[in-house]
file model-v1.pdb (PDB, C-alpha atoms and all ligand atoms)
MODEL        1
ATOM      1  CA  MET O   1       7.060  16.544 -26.537
ATOM      2  CA  ALA O   2       4.021  14.556 -25.373
ATOM      3  CA  LYS O   3       3.976  13.756 -21.668
ATOM      4  CA  LYS O   4       4.387  10.085 -20.805
ATOM      5  CA  LYS O   5       1.388   8.302 -19.318
ATOM      6  CA  THR O   6       1.811   8.059 -15.563
ATOM      7  CA  ILE O   7       1.594   4.520 -14.277
ATOM      8  CA  GLY O   8       1.885   4.371 -10.511
ATOM      9  CA  LEU O   9       2.691   1.429  -8.276
ATOM     10  CA  TYR O  10       1.744   1.436  -4.592
ATOM     11  CA  PRO O  11       3.268  -1.684  -3.021
ATOM     12  CA  GLY O  12       2.866  -2.996   0.509
ATOM     13  CA  SER O  13       1.936  -5.872   2.763
ATOM     14  CA  PHE O  14      -1.635  -4.585   3.263
ATOM     15  CA  ASP O  15      -2.175  -7.137   6.056
ATOM     16  CA  PRO O  16      -4.917  -5.902   6.144
ATOM     17  CA  VAL O  17      -5.629  -2.670   4.250
ATOM     18  CA  THR O  18      -6.475   0.209   6.639
ATOM     19  CA  ASN O  19      -7.995   3.661   6.205
ATOM     20  CA  GLY O  20      -4.406   4.989   6.239
ATOM     21  CA  HIS O  21      -3.519   2.888   3.174
ATOM     22  CA  LEU O  22      -6.711   4.033   1.456
ATOM     23  CA  ASP O  23      -5.900   7.680   2.182
ATOM     24  CA  ILE O  24      -2.519   7.250   0.452
ATOM     25  CA  ALA O  25      -4.077   5.239  -2.411
ATOM     26  CA  GLN O  26      -6.582   8.036  -3.113
ATOM     27  CA  ARG O  27      -3.867  10.676  -3.161
ATOM     28  CA  ALA O  28      -1.705   8.536  -5.463
ATOM     29  CA  TYR O  29      -4.688   7.805  -7.706
ATOM     30  CA  LYS O  30      -5.189  11.514  -8.372
ATOM     31  CA  MET O  31      -1.613  11.776  -9.592
ATOM     32  CA  CYS O  32      -1.613   8.939 -12.166
ATOM     33  CA  ASP O  33      -3.365   7.748 -15.287
ATOM     34  CA  GLN O  34      -3.377   4.246 -13.870
ATOM     35  CA  LEU O  35      -2.578   3.069 -10.334
ATOM     36  CA  HIS O  36      -1.500  -0.456  -9.469
ATOM     37  CA  ILE O  37      -1.847  -1.399  -5.819
ATOM     38  CA  ALA O  38       0.227  -4.522  -5.318
ATOM     39  CA  VAL O  39       0.468  -6.932  -2.405
ATOM     40  CA  VAL O  40       4.023  -8.038  -1.739
ATOM     41  CA  ALA O  41       3.790 -11.812  -1.573
ATOM     42  CA  ASN O  42       7.344 -12.500  -0.292
ATOM     43  CA  PRO O  43       7.120 -14.339   2.984
ATOM     44  CA  SER O  44       9.630 -12.027   4.742
ATOM     45  CA  LYS O  45       6.991 -10.934   7.257
ATOM     46  CA  LYS O  46       4.688 -13.080   9.331
ATOM     47  CA  VAL O  47       1.225 -12.278   8.016
ATOM     48  CA  LEU O  48      -2.340 -12.885   9.160
ATOM     49  CA  PHE O  49      -4.171 -12.887   5.822
ATOM     50  CA  SER O  50      -3.318 -14.872   2.683
ATOM     51  CA  VAL O  51      -2.229 -12.978  -0.418
ATOM     52  CA  GLU O  52      -5.591 -13.848  -2.029
ATOM     53  CA  LYS O  53      -7.546 -12.443   0.932
ATOM     54  CA  ARG O  54      -5.460  -9.253   1.005
ATOM     55  CA  VAL O  55      -6.064  -8.781  -2.747
ATOM     56  CA  GLU O  56      -9.783  -9.440  -2.266
ATOM     57  CA  LEU O  57     -10.035  -6.847   0.527
ATOM     58  CA  LEU O  58      -8.174  -4.273  -1.581
ATOM     59  CA  ASN O  59     -10.490  -4.965  -4.508
ATOM     60  CA  LYS O  60     -13.570  -4.496  -2.336
ATOM     61  CA  THR O  61     -12.346  -1.280  -0.749
ATOM     62  CA  THR O  62     -11.099   0.499  -3.884
ATOM     63  CA  ARG O  63     -14.063  -0.327  -6.114
ATOM     64  CA  HIS O  64     -15.013   3.354  -6.281
ATOM     65  CA  LEU O  65     -11.687   4.264  -7.921
ATOM     66  CA  SER O  66     -11.552   3.682 -11.670
ATOM     67  CA  ASN O  67      -8.231   2.830 -13.275
ATOM     68  CA  VAL O  68      -6.976   1.096 -10.154
ATOM     69  CA  VAL O  69      -5.596  -2.400 -10.639
ATOM     70  CA  ILE O  70      -5.030  -4.716  -7.681
ATOM     71  CA  SER O  71      -2.432  -7.452  -7.970
ATOM     72  CA  SER O  72       0.319  -9.263  -6.084
ATOM     73  CA  PHE O  73       3.923 -10.022  -6.880
ATOM     74  CA  ASN O  74       6.927 -12.008  -5.707
ATOM     75  CA  GLY O  75      10.508 -10.886  -5.905
ATOM     76  CA  LEU O  76      12.065  -7.502  -6.456
ATOM     77  CA  LEU O  77       9.855  -4.432  -6.477
ATOM     78  CA  VAL O  78      11.744  -2.856  -9.392
ATOM     79  CA  ASP O  79      11.313  -6.005 -11.508
ATOM     80  CA  TYR O  80       7.581  -5.804 -10.974
ATOM     81  CA  ALA O  81       7.604  -2.054 -11.679
ATOM     82  CA  ARG O  82       9.358  -2.737 -15.008
ATOM     83  CA  GLN O  83       6.932  -5.525 -15.860
ATOM     84  CA  ILE O  84       3.883  -3.282 -15.487
ATOM     85  CA  LYS O  85       5.740  -0.287 -16.999
ATOM     86  CA  ALA O  86       5.339   1.807 -13.860
ATOM     87  CA  ASN O  87       7.180   5.107 -13.776
ATOM     88  CA  MET O  88       6.276   6.067 -10.189
ATOM     89  CA  ILE O  89       6.403   4.165  -6.934
ATOM     90  CA  PHE O  90       4.267   5.548  -4.107
ATOM     91  CA  ARG O  91       4.958   5.054  -0.427
ATOM     92  CA  GLY O  92       3.252   6.572   2.583
ATOM     93  CA  LEU O  93       5.149   8.290   5.366
ATOM     94  CA  ARG O  94       3.618   8.322   8.803
ATOM     95  CA  ALA O  95       6.338   9.591  11.063
ATOM     96  CA  VAL O  96      10.017  10.346  11.040
ATOM     97  CA  ALA O  97      10.482   6.718  12.051
ATOM     98  CA  ASP O  98       9.404   5.552   8.566
ATOM     99  CA  PHE O  99      11.790   7.916   6.850
ATOM    100  CA  GLU O 100      15.225   6.339   7.203
ATOM    101  CA  TYR O 101      14.229   2.918   5.889
ATOM    102  CA  GLU O 102      12.058   4.363   3.115
ATOM    103  CA  PHE O 103      14.799   6.782   2.031
ATOM    104  CA  GLN O 104      17.350   3.963   1.824
ATOM    105  CA  MET O 105      14.982   1.717  -0.149
ATOM    106  CA  ALA O 106      14.052   4.573  -2.499
ATOM    107  CA  LEU O 107      17.710   5.191  -3.360
ATOM    108  CA  ILE O 108      18.406   1.487  -3.854
ATOM    109  CA  ASN O 109      15.331   1.101  -6.040
ATOM    110  CA  ARG O 110      16.235   4.114  -8.135
ATOM    111  CA  SER O 111      19.742   2.835  -8.701
ATOM    112  CA  LEU O 112      18.300  -0.538  -9.785
ATOM    113  CA  TYR O 113      15.757   1.172 -12.050
ATOM    114  CA  PRO O 114      16.838   4.700 -13.008
ATOM    115  CA  GLY O 115      13.575   5.325 -14.907
ATOM    116  CA  ILE O 116      11.484   5.271 -11.760
ATOM    117  CA  GLU O 117      10.540   8.112  -9.393
ATOM    118  CA  VAL O 118       9.728   7.312  -5.784
ATOM    119  CA  VAL O 119       7.042   9.581  -4.391
ATOM    120  CA  PHE O 120       6.347   9.869  -0.662
ATOM    121  CA  LEU O 121       2.881  10.919   0.374
ATOM    122  CA  VAL O 122       1.735  12.104   3.785
ATOM    123  CA  PRO O 123      -1.681  10.945   5.004
ATOM    124  CA  ASN O 124      -4.348  12.963   6.746
ATOM    125  CA  GLU O 125      -3.094  13.467  10.322
ATOM    126  CA  LYS O 126      -5.956  11.224  11.552
ATOM    127  CA  PHE O 127      -4.035   8.258  10.188
ATOM    128  CA  ILE O 128      -0.517   9.134  11.277
ATOM    129  CA  PHE O 129      -0.601   6.595  14.122
ATOM    130  CA  LEU O 130      -2.376   3.857  12.174
ATOM    131  CA  SER O 131      -0.694   0.604  11.178
ATOM    132  CA  SER O 132      -1.929  -2.851  10.188
ATOM    133  CA  SER O 133      -0.065  -4.389  13.128
ATOM    134  CA  ALA O 134      -1.755  -2.089  15.672
ATOM    135  CA  ILE O 135      -5.131  -2.931  14.163
ATOM    136  CA  LYS O 136      -4.425  -6.662  14.405
ATOM    137  CA  GLU O 137      -3.449  -6.263  18.042
ATOM    138  CA  VAL O 138      -6.652  -4.387  18.888
ATOM    139  CA  ALA O 139      -8.742  -6.913  16.934
ATOM    140  CA  THR O 140      -7.098  -9.861  18.752
ATOM    141  CA  LEU O 141      -8.219  -8.304  22.020
ATOM    142  CA  LYS O 142     -11.739  -7.872  20.585
ATOM    143  CA  GLY O 143     -11.447  -4.070  20.479
ATOM    144  CA  ASP O 144     -13.515  -1.917  18.124
ATOM    145  CA  VAL O 145     -11.557  -1.205  14.925
ATOM    146  CA  SER O 146     -14.454   0.253  12.928
ATOM    147  CA  GLY O 147     -12.970   3.767  12.901
ATOM    148  CA  PHE O 148      -9.700   2.573  11.401
ATOM    149  CA  VAL O 149     -10.588   0.071   8.687
ATOM    150  CA  PRO O 150     -13.326  -0.318   6.060
ATOM    151  CA  SER O 151     -16.260  -2.547   7.031
ATOM    152  CA  ALA O 152     -15.143  -5.466   4.818
ATOM    153  CA  VAL O 153     -11.845  -5.533   6.720
ATOM    154  CA  GLU O 154     -13.606  -5.257  10.056
ATOM    155  CA  LYS O 155     -15.618  -8.349   9.134
ATOM    156  CA  ALA O 156     -12.530 -10.247   7.975
ATOM    157  CA  LEU O 157     -10.810  -9.451  11.283
ATOM    158  CA  ARG O 158     -13.851 -10.626  13.231
ATOM    159  CA  ASP O 159     -13.813 -13.891  11.262
ATOM    160  CA  ALA O 160     -10.070 -14.307  11.814
ATOM    161  CA  PHE O 161     -10.181 -13.903  15.600
TER     162      PHE O 161
HETATM  163  P1  LIG B 201       5.201  -2.612   4.062
HETATM  164  O1  LIG B 201       5.414  -3.954   4.643
HETATM  165  O2  LIG B 201       5.601  -2.467   2.632
HETATM  166  O3  LIG B 201       5.654  -1.455   4.923
HETATM  167  P2  LIG B 201       2.523  -1.811   4.750
HETATM  168  O4  LIG B 201       1.252  -2.456   4.317
HETATM  169  O5  LIG B 201       2.792  -1.769   6.204
HETATM  170  O6  LIG B 201       3.621  -2.551   3.951
HETATM  171  O7  LIG B 201       2.584  -0.333   4.162
HETATM  172  C1  LIG B 201       2.538  -0.075   2.790
HETATM  173  C2  LIG B 201       2.794   1.394   2.563
HETATM  174  O8  LIG B 201       1.740   2.162   3.135
HETATM  175  C3  LIG B 201       4.073   1.921   3.233
HETATM  176  O9  LIG B 201       4.609   2.937   2.418
HETATM  177  C4  LIG B 201       3.566   2.492   4.535
HETATM  178  O10 LIG B 201       4.434   3.499   5.031
HETATM  179  C5  LIG B 201       2.247   3.066   4.071
HETATM  180  N1  LIG B 201       1.298   3.177   5.185
HETATM  181  C6  LIG B 201       0.805   2.220   5.983
HETATM  182  N2  LIG B 201      -0.052   2.718   6.901
HETATM  183  C7  LIG B 201      -0.109   4.056   6.662
HETATM  184  C8  LIG B 201      -0.794   5.157   7.289
HETATM  185  N3  LIG B 201      -1.577   4.989   8.349
HETATM  186  N4  LIG B 201      -0.585   6.374   6.766
HETATM  187  C9  LIG B 201       0.235   6.559   5.714
HETATM  188  N5  LIG B 201       0.913   5.590   5.086
HETATM  189  C10 LIG B 201       0.751   4.348   5.557
ENDMDL
END
call {"tool": "encode", "arguments": {"input": "model-v1.pdb", "output": "structure tokens"}}
result
Amino acid sequence: MAKKKTIGLYPGSFDPVTNGHLDIAQRAYKMCDQLHIAVVANPSKKVLFSVEKRVELLNKTTRHLSNVVISSFNGLLVDYARQIKANMIFRGLRAVADFEYEFQMALINRSLYPGIEVVFLVPNEKFIFLSSSAIKEVATLKGDVSGFVPSAVEKALRDAF
């Protein structure tokens, strides 16, 4: 039996994309034929950057990866996964703290869409502590974030604050 093409979906707020996100994206990319990185547009979180800006920054910082598609979506993750025919959802795990929520969501998503596999990836230990919210806090206080985000994001943060 021929193996099905692997279409991966890596969803998140990406407000903004960090080197931790990119580490996970590169690992996910190696595991699929096509990887969709999608900005969740639901306004459930207070965000700094518009959906369009977050998509633009993802586009700029993943240019070197072929077969990566950047998009955004509203509504249920599994509905979007069905729409793009994804058969894998990727999420990154930083610490045990991420696990409980991610585990619960993975089980809910799989019961809503039994055809999907949820894959958890662990970043390089350099990025274990890194989050978009920490980066925004440092940037607000005019701290140097160049070691944690790509240069396009560093510039966007400088413009924002
Ligand atoms: P969400 O609001 O969906 O959690 P985020 O943009 O914060 O959106 O994160 C998207 C995904 O990337 C999540 O699976 C998150 O755990 C993962 N992630 C974020 N930062 C890192 C990091 N530094 N290392 C590994 N995974 C990360």
call {"tool": "closest_atom_pairs", "arguments": {"input": "model-v1.pdb", "of": "stretch 40-126 of chain O", "to": "stretch 12-24 of chain O", "cutoff": "8 Å", "atoms": "only C-alpha atoms", "output": "JSON lines"}}
result
{"residue": "O:Val40", "atom": "CA", "partner": "O:Ser13", "partner_atom": "CA", "distance": 5.4}
{"residue": "O:Ala41", "atom": "CA", "partner": "O:Ser13", "partner_atom": "CA", "distance": 7.6}
{"residue": "O:Val47", "atom": "CA", "partner": "O:Asp15", "partner_atom": "CA", "distance": 6.5}
{"residue": "O:Leu48", "atom": "CA", "partner": "O:Asp15", "partner_atom": "CA", "distance": 6.5}
{"residue": "O:Phe49", "atom": "CA", "partner": "O:Asp15", "partner_atom": "CA", "distance": 6.1}
{"residue": "O:Arg54", "atom": "CA", "partner": "O:Pro16", "partner_atom": "CA", "distance": 6.2}
{"residue": "O:Leu57", "atom": "CA", "partner": "O:Val17", "partner_atom": "CA", "distance": 7.1}
{"residue": "O:Leu58", "atom": "CA", "partner": "O:Val17", "partner_atom": "CA", "distance": 6.6}
{"residue": "O:Thr62", "atom": "CA", "partner": "O:Leu22", "partner_atom": "CA", "distance": 7.8}
{"residue": "O:Arg91", "atom": "CA", "partner": "O:Ile24", "partner_atom": "CA", "distance": 7.8}
{"residue": "O:Gly92", "atom": "CA", "partner": "O:Ile24", "partner_atom": "CA", "distance": 6.2}
{"residue": "O:Leu121", "atom": "CA", "partner": "O:Ile24", "partner_atom": "CA", "distance": 6.5}
{"residue": "O:Val122", "atom": "CA", "partner": "O:Ile24", "partner_atom": "CA", "distance": 7.3}
{"residue": "O:Pro123", "atom": "CA", "partner": "O:Ile24", "partner_atom": "CA", "distance": 5.9}
{"residue": "O:Asn124", "atom": "CA", "partner": "O:Asp23", "partner_atom": "CA", "distance": 7.2}
call {"tool": "atom_distance", "arguments": {"input": "model-v1.pdb", "atom1": "atom CA of O:Ile37", "atom2": "atom C7 of ligand LIG 201 (chain B)"}}
result
13.7 Å
call {"tool": "atom_distance", "arguments": {"input": "model-v1.pdb", "atom1": "atom CA of O:Phe90", "atom2": "atom O9 of ligand LIG 201 (chain B)"}}
result
7.0 Å
call {"tool": "residues_around", "arguments": {"input": "model-v1.pdb", "residues": "O:Gly115", "least_positions_apart": "6", "cutoff": "12 Å", "atoms": "all atoms listed in the file", "output": "ChimeraX atom specification"}}
result
/O:4,78,81-82,85-89,109
call {"tool": "closest_residue", "arguments": {"input": "model-v1.pdb", "among": "O:Asn59, O:Ala134, O:Leu35, O:Tyr29", "to": "ligand LIG 201 (chain B)", "atoms": "all atoms listed in the file"}}
result
O:Ala134
call {"tool": "resolve_selection", "arguments": {"input": "model-v1.pdb", "expression": "the PyMOL selection byres (((chain O and resi 6) around 7) and not hetatm)", "output": "PDB file with C-alpha atoms, in the coordinates of the input"}}
result
ATOM      1  CA  LYS O   4       4.387  10.085 -20.805  1.00  0.00           C
ATOM      2  CA  LYS O   5       1.388   8.302 -19.318  1.00  0.00           C
ATOM      3  CA  ILE O   7       1.594   4.520 -14.277  1.00  0.00           C
ATOM      4  CA  GLY O   8       1.885   4.371 -10.511  1.00  0.00           C
ATOM      5  CA  CYS O  32      -1.613   8.939 -12.166  1.00  0.00           C
ATOM      6  CA  ASP O  33      -3.365   7.748 -15.287  1.00  0.00           C
ATOM      7  CA  GLN O  34      -3.377   4.246 -13.870  1.00  0.00           C
ATOM      8  CA  ASN O  87       7.180   5.107 -13.776  1.00  0.00           C
TER       9      ASN O  87
END
call {"tool": "atom_distance", "arguments": {"input": "model-v1.pdb", "atom1": "atom C10 of ligand LIG 201 (chain B)", "atom2": "atom CA of O:Ser131"}}
result
6.9 Å
call {"tool": "resolve_selection", "arguments": {"input": "model-v1.pdb", "expression": "the PyMOL selection byres (((chain O and resi 95) around 9) and not hetatm)", "output": "ChimeraX atom specification"}}
result
/O:93-94,96-99,122,128-129
call {"tool": "resolve_selection", "arguments": {"input": "model-v1.pdb", "expression": "the PyMOL selection byres (((chain O and resi 38) around 7) and not hetatm)", "output": "VMD selection string"}}
result
chain O and resid 10 to 12 36 to 37 39 to 40 70 to 73
call {"tool": "axis_aligned_box", "arguments": {"input": "model-v1.pdb", "around": "stretch 65-76 of chain O", "padding_each_side": "5 Å", "output": "lines of an AutoDock Vina configuration file"}}
result
center_x = 0.2
center_y = -3.9
center_z = -9.5
size_x = 33.8
size_y = 26.3
size_z = 17.6
call {"tool": "closest_residue", "arguments": {"input": "model-v1.pdb", "among": "O:Met31, O:Ile84, O:Val118, O:Val68", "to": "ligand LIG 201 (chain B)", "atoms": "only C-alpha atoms and all ligand atoms"}}
result
O:Val118
call {"tool": "closest_residue", "arguments": {"input": "model-v1.pdb", "among": "O:Arg158, O:Arg110, O:Lys45, O:Arg63", "to": "O:Ile135", "atoms": "all atoms listed in the file"}}
result
O:Arg158
call {"tool": "residues_around", "arguments": {"input": "model-v1.pdb", "residues": "O:Lys60", "least_positions_apart": "6", "cutoff": "10 Å", "atoms": "all atoms listed in the file", "output": "list in words"}}
result
Arg54, Pro150, Ser151, Ala152 and Val153 of chain O
call {"tool": "build_atoms", "arguments": {"input": "model-v1.pdb", "residues": "stretch 45-60 of chain O", "atoms": "N, CA, C and O atoms", "output": "PDB file, in the coordinates of the input"}}
result
ATOM      1  N   LYS O  45       7.698 -11.363   6.045  1.00  0.00           N
ATOM      2  CA  LYS O  45       6.991 -10.934   7.257  1.00  0.00           C
ATOM      3  C   LYS O  45       5.971 -12.000   7.624  1.00  0.00           C
ATOM      4  O   LYS O  45       5.383 -12.608   6.733  1.00  0.00           O
ATOM      5  N   LYS O  46       5.745 -12.161   8.912  1.00  0.00           N
ATOM      6  CA  LYS O  46       4.688 -13.080   9.331  1.00  0.00           C
ATOM      7  C   LYS O  46       3.358 -12.343   9.090  1.00  0.00           C
ATOM      8  O   LYS O  46       3.191 -11.208   9.529  1.00  0.00           O
ATOM      9  N   VAL O  47       2.468 -12.974   8.357  1.00  0.00           N
ATOM     10  CA  VAL O  47       1.225 -12.278   8.016  1.00  0.00           C
ATOM     11  C   VAL O  47      -0.002 -13.022   8.552  1.00  0.00           C
ATOM     12  O   VAL O  47       0.055 -14.218   8.809  1.00  0.00           O
ATOM     13  N   LEU O  48      -1.090 -12.282   8.695  1.00  0.00           N
ATOM     14  CA  LEU O  48      -2.340 -12.885   9.160  1.00  0.00           C
ATOM     15  C   LEU O  48      -3.155 -13.383   7.973  1.00  0.00           C
ATOM     16  O   LEU O  48      -3.636 -14.507   7.964  1.00  0.00           O
ATOM     17  N   PHE O  49      -3.300 -12.547   6.951  1.00  0.00           N
ATOM     18  CA  PHE O  49      -4.171 -12.887   5.822  1.00  0.00           C
ATOM     19  C   PHE O  49      -3.363 -13.416   4.634  1.00  0.00           C
ATOM     20  O   PHE O  49      -2.243 -12.947   4.390  1.00  0.00           O
ATOM     21  N   SER O  50      -3.960 -14.343   3.888  1.00  0.00           N
ATOM     22  CA  SER O  50      -3.318 -14.872   2.683  1.00  0.00           C
ATOM     23  C   SER O  50      -3.219 -13.759   1.642  1.00  0.00           C
ATOM     24  O   SER O  50      -3.953 -12.758   1.725  1.00  0.00           O
ATOM     25  N   VAL O  51      -2.359 -13.955   0.664  1.00  0.00           N
ATOM     26  CA  VAL O  51      -2.229 -12.978  -0.418  1.00  0.00           C
ATOM     27  C   VAL O  51      -3.593 -12.792  -1.094  1.00  0.00           C
ATOM     28  O   VAL O  51      -4.029 -11.664  -1.358  1.00  0.00           O
ATOM     29  N   GLU O  52      -4.296 -13.907  -1.330  1.00  0.00           N
ATOM     30  CA  GLU O  52      -5.591 -13.848  -2.029  1.00  0.00           C
ATOM     31  C   GLU O  52      -6.594 -13.007  -1.230  1.00  0.00           C
ATOM     32  O   GLU O  52      -7.338 -12.205  -1.789  1.00  0.00           O
ATOM     33  N   LYS O  53      -6.601 -13.191   0.090  1.00  0.00           N
ATOM     34  CA  LYS O  53      -7.546 -12.443   0.932  1.00  0.00           C
ATOM     35  C   LYS O  53      -7.181 -10.959   0.935  1.00  0.00           C
ATOM     36  O   LYS O  53      -8.055 -10.082   0.878  1.00  0.00           O
ATOM     37  N   ARG O  54      -5.875 -10.660   0.982  1.00  0.00           N
ATOM     38  CA  ARG O  54      -5.460  -9.253   1.005  1.00  0.00           C
ATOM     39  C   ARG O  54      -5.824  -8.568  -0.315  1.00  0.00           C
ATOM     40  O   ARG O  54      -6.266  -7.419  -0.332  1.00  0.00           O
ATOM     41  N   VAL O  55      -5.678  -9.315  -1.426  1.00  0.00           N
ATOM     42  CA  VAL O  55      -6.064  -8.781  -2.747  1.00  0.00           C
ATOM     43  C   VAL O  55      -7.578  -8.564  -2.784  1.00  0.00           C
ATOM     44  O   VAL O  55      -8.062  -7.523  -3.230  1.00  0.00           O
ATOM     45  N   GLU O  56      -8.315  -9.545  -2.273  1.00  0.00           N
ATOM     46  CA  GLU O  56      -9.783  -9.440  -2.266  1.00  0.00           C
ATOM     47  C   GLU O  56     -10.241  -8.204  -1.468  1.00  0.00           C
ATOM     48  O   GLU O  56     -11.105  -7.439  -1.919  1.00  0.00           O
ATOM     49  N   LEU O  57      -9.639  -7.995  -0.310  1.00  0.00           N
ATOM     50  CA  LEU O  57     -10.035  -6.847   0.527  1.00  0.00           C
ATOM     51  C   LEU O  57      -9.672  -5.530  -0.150  1.00  0.00           C
ATOM     52  O   LEU O  57     -10.425  -4.558  -0.080  1.00  0.00           O
ATOM     53  N   LEU O  58      -8.542  -5.491  -0.846  1.00  0.00           N
ATOM     54  CA  LEU O  58      -8.174  -4.273  -1.581  1.00  0.00           C
ATOM     55  C   LEU O  58      -9.154  -4.024  -2.724  1.00  0.00           C
ATOM     56  O   LEU O  58      -9.566  -2.890  -2.961  1.00  0.00           O
ATOM     57  N   ASN O  59      -9.529  -5.107  -3.414  1.00  0.00           N
ATOM     58  CA  ASN O  59     -10.490  -4.965  -4.508  1.00  0.00           C
ATOM     59  C   ASN O  59     -11.805  -4.385  -4.003  1.00  0.00           C
ATOM     60  O   ASN O  59     -12.363  -3.464  -4.596  1.00  0.00           O
ATOM     61  N   LYS O  60     -12.287  -4.948  -2.888  1.00  0.00           N
ATOM     62  CA  LYS O  60     -13.570  -4.496  -2.336  1.00  0.00           C
ATOM     63  C   LYS O  60     -13.521  -3.041  -1.907  1.00  0.00           C
ATOM     64  O   LYS O  60     -14.503  -2.318  -2.017  1.00  0.00           O
TER      65      LYS O  60
END
